[in-house]
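In what follows, a structure is listed as structure tokens, so that the remarks can point back to it.
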Amino acid sequence: MTTVGHWEPIVTQIWDTVITPCDCCGQVVAKRLWVVDVDGEEHRFCSTRCEELYRTHVVPQRRAETAT
Ligand SMILES: [Zn+2]
């Protein structure tokens, strides 16, 4: 399965108070999100750099934590 991310523009409504932080660095994304599938889960990042960081740092760490 090939996973390709895509940019998703954030449309903020005046009544909308939902903020979307980056799954990697936690920064609140204001304009557009990099949406990509990581290990079968949809994740949102502020940049492709954060996706890379997430894949190289967070995912192996999570795997190590869940490994028995
Ligand atoms: Zn980020």
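Chains: A, B, ... in order of the structure tokens. Residues: from 1 per chain. Ligands: from 1, in order shown.
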Handout entry: Cut-off 7 Å, only C-alpha atoms and all ligand atoms, neighbours of ligand 1 as a ChimeraX atom specification
Key = /A:22-27,45-47,50
For the residues selected in the previous step, produce a file with N, CA and C atoms as an mmCIF file, in the first residue's frame.
```
data_model
loop_
_atom_site.group_PDB
_atom_site.id
_atom_site.type_symbol
_atom_site.label_atom_id
_atom_site.label_comp_id
_atom_site.auth_asym_id
_atom_site.auth_seq_id
_atom_site.Cartn_x
_atom_site.Cartn_y
_atom_site.Cartn_z
ATOM 1 N N CYS A 22 -0.319 20.127 15.481
ATOM 2 C CA CYS A 22 0.494 19.175 14.742
ATOM 3 C C CYS A 22 0.731 17.944 15.615
ATOM 4 N N ASP A 23 0.588 16.754 15.031
ATOM 5 C CA ASP A 23 0.769 15.511 15.788
ATOM 6 C C ASP A 23 2.216 15.298 16.208
ATOM 7 N N CYS A 24 3.124 16.021 15.599
ATOM 8 C CA CYS A 24 4.537 15.835 15.918
ATOM 9 C C CYS A 24 5.027 16.879 16.910
ATOM 10 N N CYS A 25 4.934 18.150 16.560
ATOM 11 C CA CYS A 25 5.519 19.194 17.399
ATOM 12 C C CYS A 25 4.493 19.895 18.276
ATOM 13 N N GLY A 26 3.206 19.650 18.015
ATOM 14 C CA GLY A 26 2.177 20.226 18.861
ATOM 15 C C GLY A 26 1.811 21.663 18.512
ATOM 16 N N GLN A 27 2.463 22.183 17.503
ATOM 17 C CA GLN A 27 2.185 23.543 17.081
ATOM 18 C C GLN A 27 0.793 23.630 16.478
ATOM 19 N N PHE A 45 0.000 17.019 10.348
ATOM 20 C CA PHE A 45 1.245 17.690 10.680
ATOM 21 C C PHE A 45 1.260 19.102 10.110
ATOM 22 N N CYS A 46 2.172 19.924 10.672
ATOM 23 C CA CYS A 46 2.279 21.300 10.176
ATOM 24 C C CYS A 46 3.135 21.349 8.923
ATOM 25 N N SER A 47 3.958 20.317 8.721
ATOM 26 C CA SER A 47 4.820 20.302 7.538
ATOM 27 C C SER A 47 5.248 18.877 7.231
ATOM 28 N N CYS A 50 7.734 17.539 9.697
ATOM 29 C CA CYS A 50 7.213 16.953 10.919
ATOM 30 C C CYS A 50 6.764 15.510 10.679
#
```
Skipping near chain neighbours, those fewer than 6 positions away, what residues fall within 12 Å of Pro60 of chain A using only C-alpha atoms, listed as a PDB file with N, CA and C atoms, in the first residue's frame?
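The resulting file, result.pdb, is shown below:
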```pdb
ATOM      1  N   VAL A  38      -0.053   7.197   8.681  1.00  0.00           N
ATOM      2  CA  VAL A  38       1.124   6.592   9.299  1.00  0.00           C
ATOM      3  C   VAL A  38       0.663   5.358  10.057  1.00  0.00           C
ATOM      4  N   ASP A  39       1.138   4.194   9.628  1.00  0.00           N
ATOM      5  CA  ASP A  39       0.770   2.941  10.284  1.00  0.00           C
ATOM      6  C   ASP A  39      -0.742   2.744  10.344  1.00  0.00           C
ATOM      7  N   LEU A  53       9.939  13.573  10.869  1.00  0.00           N
ATOM      8  CA  LEU A  53      10.348  13.463  12.268  1.00  0.00           C
ATOM      9  C   LEU A  53       9.501  12.436  13.007  1.00  0.00           C
ATOM     10  N   TYR A  54       8.203  12.490  12.741  1.00  0.00           N
ATOM     11  CA  TYR A  54       7.273  11.576  13.387  1.00  0.00           C
ATOM     12  C   TYR A  54       7.607  10.131  13.026  1.00  0.00           C
ATOM     13  N   THR A  66       5.582  -0.495  23.021  1.00  0.00           N
ATOM     14  CA  THR A  66       4.526  -1.507  22.998  1.00  0.00           C
ATOM     15  C   THR A  66       5.079  -2.917  22.833  1.00  0.00           C
ATOM     16  N   ALA A  67       6.342  -3.009  22.426  1.00  0.00           N
ATOM     17  CA  ALA A  67       6.959  -4.330  22.247  1.00  0.00           C
ATOM     18  C   ALA A  67       7.131  -5.028  23.590  1.00  0.00           C
TER      19      ALA A  67
END
```
Practice task
Quick one: pick out all strand (DSSP E or B) residues within segment 30-67 of chain A from a backbone DSSP run and write them as a PyMOL selection string.
Solution key: chain A and resi 32-38+41-45
Output N, CA and C atoms of each residue in that selection to a file, as a short mmCIF file (atom, residue, chain, number, x, y, z; two decimals), in the first residue's frame.
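The file below, result_9.cif, is the result:
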```cif
data_model
loop_
_atom_site.label_atom_id
_atom_site.label_comp_id
_atom_site.auth_asym_id
_atom_site.auth_seq_id
_atom_site.Cartn_x
_atom_site.Cartn_y
_atom_site.Cartn_z
N ARG A 32 -3.05 25.38 6.83
CA ARG A 32 -3.25 24.11 6.15
C ARG A 32 -2.48 23.01 6.87
N LEU A 33 -3.00 21.81 6.74
CA LEU A 33 -2.44 20.65 7.42
C LEU A 33 -1.88 19.66 6.42
N TRP A 34 -0.80 19.06 6.80
CA TRP A 34 -0.28 17.96 6.00
C TRP A 34 -0.89 16.68 6.56
N VAL A 35 -1.84 16.11 5.84
CA VAL A 35 -2.56 14.93 6.29
C VAL A 35 -1.95 13.70 5.64
N VAL A 36 -1.55 12.76 6.46
CA VAL A 36 -0.87 11.58 5.92
C VAL A 36 -1.17 10.36 6.79
N ASP A 37 -1.15 9.22 6.14
CA ASP A 37 -1.42 7.96 6.82
C ASP A 37 -0.11 7.39 7.37
N VAL A 38 -0.05 7.20 8.68
CA VAL A 38 1.12 6.59 9.30
C VAL A 38 0.66 5.36 10.06
N GLU A 41 -3.01 4.93 10.54
CA GLU A 41 -3.73 5.99 11.24
C GLU A 41 -3.52 7.31 10.52
N GLU A 42 -4.57 8.10 10.49
CA GLU A 42 -4.45 9.39 9.86
C GLU A 42 -3.84 10.39 10.84
N HIS A 43 -2.80 11.06 10.39
CA HIS A 43 -2.15 12.05 11.23
C HIS A 43 -2.09 13.39 10.53
N ARG A 44 -2.03 14.43 11.35
CA ARG A 44 -1.97 15.79 10.80
C ARG A 44 -0.71 16.48 11.29
N PHE A 45 0.00 17.02 10.35
CA PHE A 45 1.24 17.69 10.68
C PHE A 45 1.26 19.10 10.11
#
```
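We find atom CA of Trp7 of chain A and atom CA of Val28 of chain A to be spaced 15.3 Å apart.
Backbone DSSP over chain A yields helix (DSSP H, G or I) at Thr48, Arg49, Cys50, Glu51, Glu52, Leu53, Tyr54, Arg55, Thr56, His57, Val58, Val59, Pro60, Gln61, Arg62, Arg63, Ala64, Glu65 and Thr66 of chain A.
In this model, the gap between atom CA of Ile10 of chain A and atom CA of Ala30 of chain A comes to 6.9 Å.
Note that atom CA of Ile19 of chain A and atom CA of Arg49 of chain A are 20.4 Å apart.
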Completion exercise
Restricting to only C-alpha atoms, whichever of A:Glu65, A:Val29, A:Thr48, A:His57 is closest to Val4 of chain A is A:Thr48
